[in-house]
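Coordinates as given in start-v8.txt (compact mmCIF, C-alpha atoms):
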# COMPACT_ATOMS: atom_id res chain seq x y z
CA MET A 283 5.14 172.89 91.79
CA THR A 284 5.59 170.81 94.91
CA ASP A 285 8.99 171.01 96.56
CA THR A 286 10.27 167.67 97.78
CA SER A 287 13.49 169.06 99.17
CA GLY A 288 15.15 167.33 102.08
CA ASP A 289 17.83 168.23 104.56
CA ARG A 290 20.49 166.45 102.53
CA PHE A 291 19.72 168.07 99.15
CA ARG A 292 22.36 170.55 98.10
CA ILE A 293 23.15 171.76 94.61
CA THR A 294 25.24 174.60 93.26
CA LEU A 295 24.36 176.22 89.94
CA GLY A 296 26.67 178.95 88.80
CA ALA A 297 27.76 180.83 91.90
CA ARG A 298 24.66 180.12 93.99
CA ASP A 299 23.78 177.22 96.30
CA TYR A 300 20.27 175.76 96.47
CA ASP A 301 18.67 173.46 99.03
CA SER A 302 15.30 173.53 97.27
CA ARG A 303 14.74 171.39 94.21
CA SER A 304 12.08 173.70 92.79
CA GLU A 305 14.33 176.75 93.12
CA ALA A 306 17.15 174.83 91.52
CA ALA A 307 14.83 173.88 88.65
CA HIS A 308 13.92 177.55 88.08
CA ALA A 309 17.60 178.52 88.14
CA LEU A 310 18.46 175.77 85.66
CA ALA A 311 15.62 176.87 83.36
CA ALA A 312 16.88 180.45 83.48
CA TRP A 313 20.37 179.26 82.57
CA THR A 314 19.14 177.33 79.54
CA GLY A 315 17.30 180.43 78.30
CA ASP A 316 20.22 182.80 78.79
CA SER A 317 23.30 180.88 77.76
CA GLY A 318 22.31 177.21 77.50
CA PRO A 319 21.46 175.00 74.53
CA LYS A 320 18.13 176.73 73.81
CA TRP A 321 19.55 178.80 70.98
CA LEU A 322 21.76 176.18 69.40
CA PRO A 323 20.80 175.07 65.86
CA ARG A 324 19.87 171.49 64.98
CA TYR A 325 23.41 170.60 63.88
CA GLY A 326 25.18 172.67 66.52
CA HIS A 327 27.71 171.51 69.07
CA LYS A 328 28.87 173.14 72.26
CA ASP A 329 30.58 172.00 75.42
CA PHE A 330 29.19 174.10 78.27
CA GLY A 331 31.64 172.57 80.74
CA ILE A 332 30.91 172.41 84.46
CA ILE A 333 27.69 174.26 85.29
CA GLY A 334 27.51 173.34 88.99
CA ARG A 335 28.03 170.74 91.70
CA ILE A 336 25.81 168.32 93.59
CA SER A 337 26.84 166.37 96.68
CA GLY A 338 30.45 167.22 95.93
CA PHE A 339 30.37 166.04 92.29
CA ASP A 340 30.72 168.32 89.26
CA ILE A 341 27.79 168.60 86.81
CA HIS A 342 28.90 168.67 83.17
CA VAL A 343 26.66 169.63 80.24
CA GLU A 344 27.38 169.22 76.53
CA ALA A 345 25.17 169.59 73.44
CA ARG A 346 25.82 167.75 70.21
CA SER A 347 23.92 166.75 67.10
CA GLY A 348 22.12 163.42 67.42
CA LEU A 349 20.35 161.18 64.95
CA ALA A 350 17.01 163.01 65.02
CA ALA A 351 17.59 166.14 67.11
CA LEU A 352 20.09 168.13 69.06
CA ASP A 353 20.97 166.07 72.13
CA VAL A 354 22.05 167.33 75.55
CA ILE A 355 24.37 165.10 77.59
CA VAL A 356 24.44 165.59 81.36
CA SER A 357 27.06 163.71 83.37
CA LEU A 358 29.10 163.63 86.55
CA PRO A 359 32.66 163.44 85.16
CA GLU A 360 34.03 161.87 88.33
CA VAL A 361 31.44 159.07 88.24
CA PRO A 362 31.75 156.58 85.37
CA ARG A 363 28.49 155.63 83.59
CA SER A 364 26.66 158.52 85.25
CA GLY A 365 25.81 160.38 82.03
CA PHE A 366 22.39 160.50 80.38
CA THR A 367 21.21 161.99 77.09
CA MET A 368 18.06 163.98 76.37
CA PRO A 369 16.74 165.72 73.23
CA LYS A 370 17.06 169.47 73.49
CA GLU A 371 13.29 170.01 73.73
CA SER A 372 12.99 167.51 76.59
CA PHE A 373 15.92 169.10 78.39
CA LEU A 374 14.34 172.57 78.14
CA GLU A 375 10.98 171.31 79.47
CA ALA A 376 12.31 168.95 82.15
CA GLY A 377 12.15 171.44 85.02
CA LEU A 378 12.07 169.72 88.39
CA GLY A 379 12.40 166.32 86.72
CA LEU A 380 15.84 167.24 85.40
CA VAL A 381 17.05 168.21 88.87
CA GLN A 382 15.75 164.95 90.30
CA ARG A 383 17.38 162.97 87.53
CA ILE A 384 20.75 164.56 88.30
CA GLU A 385 20.20 163.81 91.98
CA ASN A 386 19.37 160.17 91.16
CA ARG A 387 22.72 159.82 89.45
CA VAL A 388 24.40 160.65 92.76
CA SER A 389 22.19 158.36 94.84
CA GLY A 390 22.74 155.58 92.32
CA ILE A 391 26.53 155.61 92.68
CA PRO A 392 26.57 152.46 94.88
CA SER A 393 24.61 150.55 92.24
CA LEU A 394 26.93 151.82 89.52
CA LEU A 395 29.87 150.68 91.59
CA ASP A 396 28.40 147.19 92.02
CA GLN A 397 27.72 146.90 88.29
CA ALA A 398 31.25 148.05 87.52
CA ARG A 399 32.65 145.39 89.84
CA GLU A 400 30.57 142.68 88.15
CA ASP A 401 31.73 143.81 84.73
CA LEU A 402 35.33 143.78 85.97
CA GLU A 403 35.00 140.22 87.28
CA GLU A 404 33.44 139.09 84.00
CA ALA A 405 36.24 140.72 82.01
CA GLU A 406 38.90 139.12 84.22
CA GLN A 407 37.28 135.70 83.77
CA THR A 408 37.21 136.18 80.01
CA VAL A 409 40.92 137.02 80.04
CA ALA A 410 41.67 133.93 82.14
CA ASP A 411 39.67 131.65 79.82
CA THR A 412 41.37 133.11 76.77
CA GLN A 413 44.84 132.62 78.25
CA GLN A 414 43.98 129.02 79.15
CA ARG A 415 42.89 128.27 75.58
CA LEU A 416 46.06 129.74 74.10
CA GLY A 417 48.25 126.97 72.72
CA GLN A 418 45.43 124.43 72.54
CA PRO A 419 44.55 123.01 69.11
CA PHE A 420 41.61 124.45 67.33
CA ARG A 421 38.72 121.99 67.75
CA HIS A 422 37.64 122.40 64.13
CA ALA A 423 41.16 122.30 62.68
CA GLN A 424 40.59 119.07 60.68
CA THR A 425 37.32 120.32 59.22
CA LEU A 426 39.00 123.54 58.21
CA ALA A 427 41.90 121.63 56.60
CA ASP A 428 39.48 119.41 54.64
CA ALA A 429 37.57 122.42 53.41
CA GLU A 430 40.78 124.13 52.29
CA GLU A 431 41.87 120.94 50.45
CA ASP A 432 38.52 120.68 48.66
CA LEU A 433 38.73 124.32 47.65
CA ALA A 434 42.24 123.85 46.26
CA ARG A 435 41.08 120.80 44.26
CA VAL A 436 38.16 122.68 42.73
CA GLU A 437 40.35 125.65 41.84
CA SER A 438 42.85 123.30 40.11
CA GLN A 439 40.09 121.70 38.06
CA LEU A 440 38.76 125.08 37.03
CA ALA A 441 42.24 126.17 35.96
CA VAL A 442 42.65 123.05 33.78
CA MET A 443 39.25 123.60 32.18
CA GLN A 444 40.15 127.19 31.33
CA ASP A 445 43.46 126.15 29.71
CA GLU A 446 41.88 123.49 27.40
CA PRO A 447 40.94 124.75 23.87
CA ALA A 448 37.30 124.79 23.06
CA PRO A 449 36.22 121.87 20.73
CA GLU A 450 35.25 122.64 17.13
CA PRO A 451 31.50 122.48 16.53
CA ALA A 452 30.51 119.21 14.88
CA ALA A 453 28.96 119.37 11.42
CA PRO A 454 25.49 117.88 10.94
CA ASP A 455 25.36 114.31 9.65
CA SER A 456 23.77 115.48 6.39
CA GLN A 457 26.80 117.68 5.63
CA ARG A 458 29.53 115.17 6.51
CA VAL A 459 31.37 113.96 3.36
CA GLU A 460 34.50 111.88 3.50
CA LEU A 461 37.10 113.72 1.44
CA THR A 462 38.96 111.19 -0.75
CA ASP A 463 40.67 111.29 -4.13
CA GLU A 464 37.72 109.51 -5.72
CA ALA A 465 35.27 112.04 -4.27
CA VAL A 466 37.32 114.94 -5.63
CA ARG A 467 37.52 113.43 -9.16
CA ALA A 468 33.82 112.58 -9.18
CA TYR A 469 32.76 116.03 -8.04
CA GLU A 470 30.83 117.96 -10.70
CA PRO A 471 29.54 121.43 -9.88
CA ASN A 472 25.85 121.89 -10.38
CA LEU A 473 25.81 125.43 -11.71
CA GLY A 474 22.46 127.01 -12.25
CA SER A 475 20.46 123.92 -11.44
CA ARG A 476 17.54 123.80 -9.14
CA GLU A 477 17.74 121.67 -6.07
CA GLY A 478 16.12 118.32 -6.74
CA ALA A 479 16.00 118.77 -10.58
CA GLY A 480 17.30 115.83 -12.63
CA ARG A 481 20.56 116.19 -14.51
CA GLU A 482 20.74 114.85 -18.13
CA PRO A 483 23.83 114.96 -20.44
CA ALA A 484 23.66 117.73 -23.05
CA ALA A 485 23.31 116.74 -26.77
CA PRO A 486 26.48 117.22 -28.91
CA PHE A 487 26.56 120.28 -31.14
CA VAL A 488 26.07 119.44 -34.89
CA PRO A 489 26.35 122.30 -37.45
CA ALA A 490 23.38 122.67 -39.84
CA PRO A 491 24.07 121.94 -43.65
CA PRO A 492 24.12 124.91 -46.05
CA PRO A 493 20.93 125.51 -48.06
CA ALA A 494 20.71 123.84 -51.53
CA ALA A 495 21.38 125.97 -54.69
CA PRO A 496 18.22 126.96 -56.57
CA PRO A 497 17.62 125.33 -60.01
CA GLY A 498 18.99 127.08 -63.09
CA ASN A 499 15.64 128.01 -64.54
CA ALA A 500 14.53 129.69 -61.43
CA PRO A 501 13.89 133.38 -61.82
CA ARG A 502 16.50 135.59 -60.41
CA LEU A 503 15.42 138.34 -58.11

Take the structure from the file and write it as structure tokens.
Amino acid sequence: MTDTSGDRFRITLGARDYDSRSEAAHALAAWTGDSGPKWLPRYGHKDFGIIGRISGFDIHVEARSGLAALDVIVSLPEVPRSGFTMPKESFLEAGLGLVQRIENRVSGIPSLLDQAREDLEEAEQTVADTQQRLGQPFRHAQTLADAEEDLARVESQLAVMQDEPAPEPAAPDSQRVELTDEAVRAYEPNLGSREGAGREPAAPFVPAPPPAAPPGNAPRL
């Protein structure tokens, strides 16, 4: 592993100071194996607190369950937006790259400060624009009022339709008979007749005459 340490690199891990990035990487790897997040389960959580200092800034490490793996969050608490997140496996294998990434957070403080100032100016402008618009009429107020009026009209019509009784079903034309006194008197039930068969008046009942008496000379049985 090539050491790219410079005169200005200084980092403290635990109780020891390092001016070599490669030595700091070995010390950080030893820490992860002894008491770091290496042994935490997938859904574990642990705040390891401050594990060292770099360029006068504290280094904070925390492990928490992420969406797909256990994540490790490294940050400089005194520097807003300085934190970064890595899966546990990547953190354990980072080595020298992890040390350089922490160092880049310190060297990037001026850029973070510039970005924070831009965000502050944008937020202040948004507040000013909002305060200026307060008290002004809503540009779509008439459209909104028309829509509310149309909605109220439709709801009223629906309410009237629900209150009206349902109409009786109309009988077919073939079954419609005007009920009058003449129709009631003329009605004759057709009991036992087949549909379409002709109806004829029944013949009056006439009793048959008794049989004639036999002649007197007829033999008697």

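Non-sequential neighbours of Arg383 in chain A (distance at most 12 Å, separation of 6 or more positions within a chain, only C-alpha atoms) are Arg303, Ala307, Ile336, Ile341, Val356, Ser357, Leu358, Ser364, Gly365, Phe366, Thr367, Met368, Phe373, Ala376, Gly377, Ser389 and Gly390 of chain A.
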
Resulting file, chosen residues, C-alpha atoms, as a PDB file, in the coordinates of the input:
ATOM      1  CA  ARG A 303      14.740 171.390  94.210  1.00  0.00           C
ATOM      2  CA  ALA A 307      14.830 173.880  88.650  1.00  0.00           C
ATOM      3  CA  ILE A 336      25.810 168.320  93.590  1.00  0.00           C
ATOM      4  CA  ILE A 341      27.790 168.600  86.810  1.00  0.00           C
ATOM      5  CA  VAL A 356      24.440 165.590  81.360  1.00  0.00           C
ATOM      6  CA  SER A 357      27.060 163.710  83.370  1.00  0.00           C
ATOM      7  CA  LEU A 358      29.100 163.630  86.550  1.00  0.00           C
ATOM      8  CA  SER A 364      26.660 158.520  85.250  1.00  0.00           C
ATOM      9  CA  GLY A 365      25.810 160.380  82.030  1.00  0.00           C
ATOM     10  CA  PHE A 366      22.390 160.500  80.380  1.00  0.00           C
ATOM     11  CA  THR A 367      21.210 161.990  77.090  1.00  0.00           C
ATOM     12  CA  MET A 368      18.060 163.980  76.370  1.00  0.00           C
ATOM     13  CA  PHE A 373      15.920 169.100  78.390  1.00  0.00           C
ATOM     14  CA  ALA A 376      12.310 168.950  82.150  1.00  0.00           C
ATOM     15  CA  GLY A 377      12.150 171.440  85.020  1.00  0.00           C
ATOM     16  CA  SER A 389      22.190 158.360  94.840  1.00  0.00           C
ATOM     17  CA  GLY A 390      22.740 155.580  92.320  1.00  0.00           C
TER      18      GLY A 390
END

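Neighbouring residues of Lys320 in chain A at 9 Å or closer, counting all atoms listed in the file and skipping chain neighbours under 5 positions away, are Thr314, Gly315, Lys370, Glu371 and Leu374 of chain A.
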
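What separates CA of Asn386 in chain A from CA of Arg298 in chain A is a distance of 20.8 Å.
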
| note | Here CA of Ile384 in chain A and CA of Gly318 in chain A stand apart by 16.7 Å

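Candidate residues A:Ala405, A:Thr425, A:Glu375, A:Ile333 were compared for distance to His308 in chain A, and the nearest is A:Glu375, using all atoms listed in the file.
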
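Rounded to one decimal, CA of Leu395 in chain A and CA of Arg363 in chain A lie 9.5 Å from each other.
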
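Among the candidate residues A:Val381, A:Ala297, A:Leu322, A:Ile332, the one lying nearest to Leu310 in chain A is A:Val381, with distances computed using all atoms listed in the file.
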